[in-house]
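The file start-v8.txt contains compact mmCIF, C-alpha atoms:
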# COMPACT_ATOMS: atom_id res chain seq x y z
CA MET A 1 24.66 2.98 26.00
CA ALA A 2 21.62 4.30 27.84
CA VAL A 3 18.38 2.57 27.00
CA GLY A 4 15.48 4.98 27.07
CA ALA A 5 17.69 8.03 27.40
CA GLY A 6 15.24 10.18 25.49
CA GLY A 7 12.12 8.66 27.05
CA GLY A 8 9.33 10.68 28.55
CA GLY A 9 6.74 8.14 29.62
CA GLY A 10 8.99 5.50 31.09
CA GLY A 11 6.67 4.30 33.85
CA SER A 12 8.27 2.35 36.68
CA SER A 13 11.84 2.26 35.43
CA SER A 14 13.12 3.74 38.71
CA SER A 15 13.07 0.34 40.40
CA GLY A 16 16.30 -1.58 40.06
CA GLY A 17 14.74 -4.91 39.08
CA ALA A 18 12.56 -4.64 36.00
CA SER A 19 10.09 -7.43 35.33
CA GLY A 20 10.58 -9.78 32.40
CA GLU A 21 7.79 -8.05 30.47
CA GLU A 22 9.40 -4.63 31.00
CA ARG A 23 12.74 -5.98 29.74
CA LYS A 24 11.01 -7.42 26.65
CA GLN A 25 9.33 -4.09 25.91
CA ALA A 26 12.57 -2.18 26.40
CA GLY A 27 14.39 -4.62 24.09
CA ALA A 28 11.68 -4.33 21.43
CA ALA A 29 11.80 -0.55 21.63
CA ALA A 30 15.58 -0.51 21.32
CA THR A 31 15.65 -2.71 18.21
CA PRO A 32 12.50 -2.22 16.15
CA SER A 33 11.50 -5.15 13.96
CA SER A 34 14.51 -7.17 15.03
CA GLY A 35 12.10 -9.60 16.63
CA GLY A 36 13.94 -10.16 19.89
CA GLY A 37 10.78 -11.59 21.42
CA GLY A 38 9.52 -13.73 18.55
CA GLY A 39 8.96 -11.07 15.89
CA GLY A 40 6.22 -9.13 17.66
CA MET A 41 7.28 -5.84 16.09
CA LEU A 42 7.42 -7.43 12.63
CA TRP A 43 3.84 -8.63 12.95
CA ARG A 44 2.71 -5.26 14.25
CA ASP A 45 4.29 -3.56 11.24
CA ALA A 46 2.69 -6.04 8.84
CA VAL A 47 -0.77 -5.74 10.41
CA SER A 48 -0.56 -1.93 10.51
CA GLY A 49 0.43 -1.74 6.86
CA SER A 50 -2.16 -4.30 5.79
CA THR A 51 -4.93 -2.48 7.60
CA ALA A 52 -3.90 0.84 6.04
CA GLY A 53 -3.91 -0.74 2.58
CA LEU A 54 -7.33 -2.31 3.09
CA VAL A 55 -8.94 0.92 4.30
CA SER A 56 -7.41 3.03 1.54
CA VAL A 57 -8.61 0.68 -1.20
CA LEU A 58 -12.14 0.54 0.17
CA ALA A 59 -12.29 4.33 0.30
CA LEU A 60 -10.59 5.19 -2.99
CA HIS A 61 -11.21 2.28 -5.37
CA PRO A 62 -13.91 4.06 -7.42
CA LEU A 63 -11.37 6.79 -8.28
CA ASP A 64 -8.86 4.15 -9.31
CA VAL A 65 -11.41 2.52 -11.65
CA ILE A 66 -12.23 5.86 -13.27
CA LYS A 67 -8.53 6.78 -13.58
CA THR A 68 -7.73 3.45 -15.25
CA ARG A 69 -10.60 3.72 -17.71
CA LEU A 70 -9.71 7.29 -18.62
CA GLN A 71 -6.09 6.28 -19.23
CA VAL A 72 -6.89 3.55 -21.75
CA GLN A 73 -9.49 5.23 -23.92
CA ASP A 74 -9.10 4.35 -27.58
CA SER A 75 -9.97 7.75 -28.97
CA ILE A 76 -7.77 10.78 -28.39
CA ASP A 77 -10.42 13.10 -29.86
CA ARG A 78 -12.48 14.18 -26.87
CA ARG A 79 -15.70 14.40 -28.93
CA HIS A 80 -15.55 10.66 -29.66
CA ALA A 81 -14.18 9.46 -26.33
CA THR A 82 -16.21 7.11 -24.18
CA TYR A 83 -15.54 9.30 -21.17
CA ARG A 84 -15.11 13.08 -21.48
CA GLY A 85 -13.70 13.62 -18.00
CA THR A 86 -13.84 12.37 -14.45
CA ILE A 87 -17.41 13.42 -13.64
CA HIS A 88 -18.70 12.12 -16.98
CA ALA A 89 -16.88 8.83 -16.41
CA PHE A 90 -18.46 8.42 -12.95
CA ARG A 91 -21.93 9.12 -14.35
CA THR A 92 -21.45 6.83 -17.35
CA VAL A 93 -20.15 3.91 -15.30
CA VAL A 94 -22.98 4.23 -12.75
CA ARG A 95 -25.61 4.58 -15.50
CA ASN A 96 -24.33 1.64 -17.60
CA GLU A 97 -23.02 -0.72 -14.92
CA GLY A 98 -24.54 0.42 -11.66
CA VAL A 99 -22.65 1.49 -8.56
CA LEU A 100 -20.91 -1.90 -8.48
CA GLY A 101 -19.18 -0.91 -11.72
CA LEU A 102 -17.13 1.54 -9.66
CA TYR A 103 -15.79 -1.44 -7.71
CA ALA A 104 -14.66 -3.53 -10.70
CA GLY A 105 -11.45 -5.33 -9.79
CA LEU A 106 -11.93 -4.76 -6.06
CA SER A 107 -10.83 -8.25 -4.96
CA PRO A 108 -7.32 -8.15 -6.43
CA ALA A 109 -6.99 -4.52 -5.34
CA LEU A 110 -7.78 -5.49 -1.74
CA VAL A 111 -5.41 -8.45 -1.84
CA GLY A 112 -2.66 -6.47 -3.56
CA SER A 113 -2.87 -3.41 -1.36
CA THR A 114 -3.12 -5.41 1.83
CA ILE A 115 -0.07 -7.47 0.87
CA SER A 116 1.84 -4.45 -0.49
CA TRP A 117 1.54 -2.27 2.55
CA GLY A 118 2.06 -5.14 4.98
CA VAL A 119 5.25 -6.17 3.20
CA TYR A 120 6.37 -2.55 2.76
CA PHE A 121 6.03 -1.64 6.45
CA SER A 122 7.79 -4.84 7.49
CA CYS A 123 10.66 -4.54 5.00
CA TYR A 124 11.15 -0.83 5.67
CA ASN A 125 11.35 -1.28 9.44
CA ASN A 126 13.55 -4.35 9.06
CA ALA A 127 15.98 -2.42 6.87
CA LYS A 128 16.05 0.48 9.33
CA ALA A 129 16.72 -1.92 12.22
CA ARG A 130 19.53 -3.55 10.24
CA TYR A 131 21.18 -0.16 9.63
CA GLN A 132 20.65 0.88 13.26
CA GLN A 133 22.35 -2.28 14.43
CA ALA A 134 25.20 -1.92 11.93
CA LEU A 135 25.87 1.68 12.96
CA GLY A 136 25.16 1.10 16.64
CA LYS A 137 22.80 4.06 16.93
CA GLN A 138 19.06 4.70 16.87
CA ASP A 139 19.01 7.90 14.79
CA LEU A 140 19.79 7.21 11.16
CA PRO A 141 20.84 9.77 8.59
CA SER A 142 18.22 10.69 5.99
CA TYR A 143 19.90 8.78 3.18
CA LEU A 144 19.52 5.49 5.09
CA HIS A 145 15.78 6.12 5.48
CA LEU A 146 15.71 6.59 1.71
CA VAL A 147 17.70 3.41 1.13
CA SER A 148 15.39 1.50 3.50
CA ALA A 149 12.34 2.77 1.63
CA GLY A 150 13.94 1.80 -1.69
CA GLU A 151 14.62 -1.73 -0.47
CA ALA A 152 11.05 -2.09 0.74
CA GLY A 153 9.62 -0.70 -2.51
CA PHE A 154 11.74 -3.08 -4.59
CA VAL A 155 10.51 -6.12 -2.66
CA VAL A 156 6.88 -4.97 -2.89
CA CYS A 157 7.14 -4.49 -6.67
CA LEU A 158 8.53 -7.98 -7.15
CA ILE A 159 5.82 -9.57 -5.04
CA THR A 160 2.73 -7.68 -6.14
CA ASN A 161 3.16 -6.86 -9.84
CA PRO A 162 1.09 -9.86 -11.04
CA ILE A 163 -1.75 -8.82 -8.73
CA TRP A 164 -1.83 -5.32 -10.26
CA VAL A 165 -2.01 -6.77 -13.78
CA VAL A 166 -5.09 -8.80 -12.83
CA LYS A 167 -6.65 -5.77 -11.10
CA THR A 168 -6.20 -3.55 -14.14
CA ARG A 169 -7.68 -6.14 -16.49
CA LEU A 170 -10.71 -6.56 -14.26
CA GLN A 171 -11.19 -2.79 -14.00
CA LEU A 172 -11.26 -2.50 -17.77
CA GLN A 173 -13.94 -5.15 -18.21
CA GLN A 174 -17.31 -3.54 -18.65
CA LYS A 175 -20.47 -5.23 -17.52
CA GLY A 176 -22.36 -6.59 -20.51
CA ALA A 177 -19.40 -6.27 -22.90
CA THR A 178 -18.50 -9.32 -24.93
CA ALA A 179 -15.10 -10.79 -24.22
CA ALA A 180 -12.72 -11.02 -27.14
CA ALA A 181 -10.65 -14.16 -27.37

Encoding of this model in structure tokens:
Amino acid sequence: MAVGAGGGGGGSSSSGGASGEERKQAGAAATPSSGGGGGGMLWRDAVSGSTAGLVSVLALHPLDVIKTRLQVQDSIDRRHATYRGTIHAFRTVVRNEGVLGLYAGLSPALVGSTISWGVYFSCYNNAKARYQQALGKQDLPSYLHLVSAGEAGFVVCLITNPIWVVKTRLQLQQKGATAAA
């Protein structure tokens, strides 16, 4: 079992006695997310996923608000619909609610997406590491990547579904509209 057999940028691995830090890095690279040195890879996965979720929500939330409002329109007849399309919906929301109307439900979206992607990255890489260890090899067949992704997606759905319900309800509230009991 050759550690780093496919490595290109190995650094100073030619010396016989590797430092403790080099051994830790080699161990972490050999078993991703297994947390040999206190779960450093797990935290890196979680932070990477959380950051990706945060950035994507900040950039794309206005589209999500418009999509949600278009999906729940009461009237199927386009002539009587509140929004007649994406551009009309953007203009109507900005005119009636201001630019902040495009960010309705932002807080739960940020929380949900940050948690979702952090958990997803962590669970996916944990599952892959578990299969790598069980098979005793680094390269997994495609179906095990799919199974790992399925496991991660299942966990994320269980954890974040209540957050998405709150987000959708907040997105559908219109500024100045009276709340029905």

**OP:** Select, from A:Pro141, A:Gly118, A:Pro162, A:Gly153, the residue with the minimum atom-to-atom distance to Gly53 in chain A, counting all atoms listed in the file.
**Re:** A:Gly118

Original post:
From the set A:Leu102, A:Leu54, A:Leu42, A:Ala81, which residue has the shortest atom-to-atom contact distance to Asn126 in chain A, counting all atoms listed in the file?
Top reply: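 The closest residue to Asn126 in chain A is A:Leu42.
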
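Residue nearest Ile87 in chain A, chosen from A:Val72, A:Leu106, A:Val166, A:Leu63 and counting all atoms listed in the file: A:Leu63.
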
Original post:
To one decimal place, how far is CA of Gln174 in chain A from CA of Arg69 in chain A in Å?
Top reply: 9.9 Å

Subject >> Leu146 in chain A environment, 12 Å, only C-alpha atoms, sequence neighbours closer than 4 positions dropped, as number ranges by chain >> reply: A: 124-125, 127-128, 131, 140-142, 150-153

**OP:** Measure the distance from CA of Trp117 in chain A to CA of Val165 in chain A in Å and round it to one decimal.
**Re:**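 Those two atoms sit 17.3 Å apart.
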
Starting from the point (0.1, -6.7, 1.3), work out which residues of protein, DNA or RNA have an atom no more than 10 Å away when counting all atoms listed in the file; state them as a PDB file with C-alpha atoms, keeping the file's coordinate frame.
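Contents of selection-v9.pdb, as written:
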ATOM      1  CA  ALA A  46       2.690  -6.040   8.840  1.00  0.00           C
ATOM      2  CA  VAL A  47      -0.770  -5.740  10.410  1.00  0.00           C
ATOM      3  CA  GLY A  49       0.430  -1.740   6.860  1.00  0.00           C
ATOM      4  CA  SER A  50      -2.160  -4.300   5.790  1.00  0.00           C
ATOM      5  CA  THR A  51      -4.930  -2.480   7.600  1.00  0.00           C
ATOM      6  CA  ALA A  52      -3.900   0.840   6.040  1.00  0.00           C
ATOM      7  CA  GLY A  53      -3.910  -0.740   2.580  1.00  0.00           C
ATOM      8  CA  LEU A  54      -7.330  -2.310   3.090  1.00  0.00           C
ATOM      9  CA  ALA A 109      -6.990  -4.520  -5.340  1.00  0.00           C
ATOM     10  CA  LEU A 110      -7.780  -5.490  -1.740  1.00  0.00           C
ATOM     11  CA  VAL A 111      -5.410  -8.450  -1.840  1.00  0.00           C
ATOM     12  CA  GLY A 112      -2.660  -6.470  -3.560  1.00  0.00           C
ATOM     13  CA  SER A 113      -2.870  -3.410  -1.360  1.00  0.00           C
ATOM     14  CA  THR A 114      -3.120  -5.410   1.830  1.00  0.00           C
ATOM     15  CA  ILE A 115      -0.070  -7.470   0.870  1.00  0.00           C
ATOM     16  CA  SER A 116       1.840  -4.450  -0.490  1.00  0.00           C
ATOM     17  CA  TRP A 117       1.540  -2.270   2.550  1.00  0.00           C
ATOM     18  CA  GLY A 118       2.060  -5.140   4.980  1.00  0.00           C
ATOM     19  CA  VAL A 119       5.250  -6.170   3.200  1.00  0.00           C
ATOM     20  CA  TYR A 120       6.370  -2.550   2.760  1.00  0.00           C
ATOM     21  CA  PHE A 121       6.030  -1.640   6.450  1.00  0.00           C
ATOM     22  CA  VAL A 156       6.880  -4.970  -2.890  1.00  0.00           C
ATOM     23  CA  ILE A 159       5.820  -9.570  -5.040  1.00  0.00           C
ATOM     24  CA  THR A 160       2.730  -7.680  -6.140  1.00  0.00           C
TER      25      THR A 160
END

**OP:** Find the residue from A:Met41, A:Val147, A:Leu100, A:Val155 that sits nearest to Val65 in chain A; use only C-alpha atoms when measuring.
**Re:**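 Ranked by minimum distance to Val65 in chain A, first place goes to A:Leu100.
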
Subject >> Computed interatomic separation between CA of Asn96 in chain A and CA of Ser56 in chain A (Å) >> reply: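 We find that CA of Asn96 in chain A and CA of Ser56 in chain A lie 25.6 Å from each other.
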
**OP:** Check the smallest atom-to-atom distance from each of A:Ser48, A:Gln138, A:Ser107, A:Thr92 to Gln171 in chain A using all atoms listed in the file, then report the winner.
**Re:** A:Ser107

Mind rebuilding range 158-178 of chain A with N, CA, C and O atoms and writing that out as a PDB file, keeping the file's coordinate frame?
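Written file, rebuild_11.pdb:
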ATOM      1  N   LEU A 158       8.312  -6.599  -6.722  1.00  0.00           N
ATOM      2  CA  LEU A 158       8.530  -7.980  -7.150  1.00  0.00           C
ATOM      3  C   LEU A 158       7.370  -8.890  -6.759  1.00  0.00           C
ATOM      4  O   LEU A 158       6.947  -9.750  -7.534  1.00  0.00           O
ATOM      5  N   ILE A 159       6.862  -8.688  -5.561  1.00  0.00           N
ATOM      6  CA  ILE A 159       5.820  -9.570  -5.040  1.00  0.00           C
ATOM      7  C   ILE A 159       4.455  -9.282  -5.641  1.00  0.00           C
ATOM      8  O   ILE A 159       3.694 -10.203  -5.947  1.00  0.00           O
ATOM      9  N   THR A 160       4.122  -8.022  -5.826  1.00  0.00           N
ATOM     10  CA  THR A 160       2.730  -7.680  -6.140  1.00  0.00           C
ATOM     11  C   THR A 160       2.441  -7.335  -7.599  1.00  0.00           C
ATOM     12  O   THR A 160       1.277  -7.150  -7.951  1.00  0.00           O
ATOM     13  N   ASN A 161       3.428  -7.246  -8.457  1.00  0.00           N
ATOM     14  CA  ASN A 161       3.160  -6.860  -9.840  1.00  0.00           C
ATOM     15  C   ASN A 161       2.102  -7.739 -10.520  1.00  0.00           C
ATOM     16  O   ASN A 161       1.206  -7.208 -11.185  1.00  0.00           O
ATOM     17  N   PRO A 162       2.135  -9.052 -10.389  1.00  0.00           N
ATOM     18  CA  PRO A 162       1.090  -9.860 -11.040  1.00  0.00           C
ATOM     19  C   PRO A 162      -0.325  -9.538 -10.541  1.00  0.00           C
ATOM     20  O   PRO A 162      -1.283  -9.578 -11.313  1.00  0.00           O
ATOM     21  N   ILE A 163      -0.444  -9.174  -9.287  1.00  0.00           N
ATOM     22  CA  ILE A 163      -1.750  -8.820  -8.730  1.00  0.00           C
ATOM     23  C   ILE A 163      -2.277  -7.559  -9.407  1.00  0.00           C
ATOM     24  O   ILE A 163      -3.458  -7.457  -9.743  1.00  0.00           O
ATOM     25  N   TRP A 164      -1.395  -6.576  -9.642  1.00  0.00           N
ATOM     26  CA  TRP A 164      -1.830  -5.320 -10.260  1.00  0.00           C
ATOM     27  C   TRP A 164      -2.241  -5.524 -11.715  1.00  0.00           C
ATOM     28  O   TRP A 164      -3.141  -4.844 -12.213  1.00  0.00           O
ATOM     29  N   VAL A 165      -1.613  -6.468 -12.398  1.00  0.00           N
ATOM     30  CA  VAL A 165      -2.010  -6.770 -13.780  1.00  0.00           C
ATOM     31  C   VAL A 165      -3.437  -7.308 -13.799  1.00  0.00           C
ATOM     32  O   VAL A 165      -4.281  -6.873 -14.592  1.00  0.00           O
ATOM     33  N   VAL A 166      -3.739  -8.231 -12.916  1.00  0.00           N
ATOM     34  CA  VAL A 166      -5.090  -8.800 -12.830  1.00  0.00           C
ATOM     35  C   VAL A 166      -6.093  -7.704 -12.473  1.00  0.00           C
ATOM     36  O   VAL A 166      -7.172  -7.607 -13.074  1.00  0.00           O
ATOM     37  N   LYS A 167      -5.753  -6.856 -11.510  1.00  0.00           N
ATOM     38  CA  LYS A 167      -6.650  -5.770 -11.100  1.00  0.00           C
ATOM     39  C   LYS A 167      -6.990  -4.862 -12.269  1.00  0.00           C
ATOM     40  O   LYS A 167      -8.146  -4.535 -12.513  1.00  0.00           O
ATOM     41  N   THR A 168      -5.976  -4.465 -13.017  1.00  0.00           N
ATOM     42  CA  THR A 168      -6.200  -3.550 -14.140  1.00  0.00           C
ATOM     43  C   THR A 168      -7.083  -4.201 -15.196  1.00  0.00           C
ATOM     44  O   THR A 168      -8.003  -3.565 -15.728  1.00  0.00           O
ATOM     45  N   ARG A 169      -6.852  -5.454 -15.491  1.00  0.00           N
ATOM     46  CA  ARG A 169      -7.680  -6.140 -16.490  1.00  0.00           C
ATOM     47  C   ARG A 169      -9.126  -6.238 -16.044  1.00  0.00           C
ATOM     48  O   ARG A 169     -10.053  -6.068 -16.836  1.00  0.00           O
ATOM     49  N   LEU A 170      -9.338  -6.495 -14.774  1.00  0.00           N
ATOM     50  CA  LEU A 170     -10.710  -6.560 -14.260  1.00  0.00           C
ATOM     51  C   LEU A 170     -11.374  -5.194 -14.270  1.00  0.00           C
ATOM     52  O   LEU A 170     -12.573  -5.083 -14.521  1.00  0.00           O
ATOM     53  N   GLN A 171     -10.618  -4.143 -13.994  1.00  0.00           N
ATOM     54  CA  GLN A 171     -11.190  -2.790 -14.000  1.00  0.00           C
ATOM     55  C   GLN A 171     -11.622  -2.383 -15.401  1.00  0.00           C
ATOM     56  O   GLN A 171     -12.554  -1.607 -15.559  1.00  0.00           O
ATOM     57  N   LEU A 172     -10.954  -2.886 -16.399  1.00  0.00           N
ATOM     58  CA  LEU A 172     -11.260  -2.500 -17.770  1.00  0.00           C
ATOM     59  C   LEU A 172     -12.416  -3.301 -18.369  1.00  0.00           C
ATOM     60  O   LEU A 172     -12.945  -2.922 -19.408  1.00  0.00           O
ATOM     61  N   GLN A 173     -12.790  -4.393 -17.725  1.00  0.00           N
ATOM     62  CA  GLN A 173     -13.940  -5.150 -18.210  1.00  0.00           C
ATOM     63  C   GLN A 173     -15.204  -4.384 -17.879  1.00  0.00           C
ATOM     64  O   GLN A 173     -15.404  -3.939 -16.760  1.00  0.00           O
ATOM     65  N   GLN A 174     -16.055  -4.254 -18.870  1.00  0.00           N
ATOM     66  CA  GLN A 174     -17.310  -3.540 -18.650  1.00  0.00           C
ATOM     67  C   GLN A 174     -18.429  -4.544 -18.613  1.00  0.00           C
ATOM     68  O   GLN A 174     -18.482  -5.485 -19.397  1.00  0.00           O
ATOM     69  N   LYS A 175     -19.339  -4.338 -17.681  1.00  0.00           N
ATOM     70  CA  LYS A 175     -20.470  -5.230 -17.520  1.00  0.00           C
ATOM     71  C   LYS A 175     -21.275  -5.257 -18.814  1.00  0.00           C
ATOM     72  O   LYS A 175     -21.613  -4.218 -19.373  1.00  0.00           O
ATOM     73  N   GLY A 176     -21.557  -6.452 -19.305  1.00  0.00           N
ATOM     74  CA  GLY A 176     -22.360  -6.590 -20.510  1.00  0.00           C
ATOM     75  C   GLY A 176     -21.544  -6.568 -21.777  1.00  0.00           C
ATOM     76  O   GLY A 176     -22.070  -6.824 -22.849  1.00  0.00           O
ATOM     77  N   ALA A 177     -20.249  -6.277 -21.705  1.00  0.00           N
ATOM     78  CA  ALA A 177     -19.400  -6.270 -22.900  1.00  0.00           C
ATOM     79  C   ALA A 177     -18.996  -7.698 -23.239  1.00  0.00           C
ATOM     80  O   ALA A 177     -18.801  -8.520 -22.361  1.00  0.00           O
ATOM     81  N   THR A 178     -18.893  -7.986 -24.514  1.00  0.00           N
ATOM     82  CA  THR A 178     -18.500  -9.320 -24.930  1.00  0.00           C
ATOM     83  C   THR A 178     -16.987  -9.442 -24.832  1.00  0.00           C
ATOM     84  O   THR A 178     -16.242  -8.518 -25.181  1.00  0.00           O
TER      85      THR A 178
END
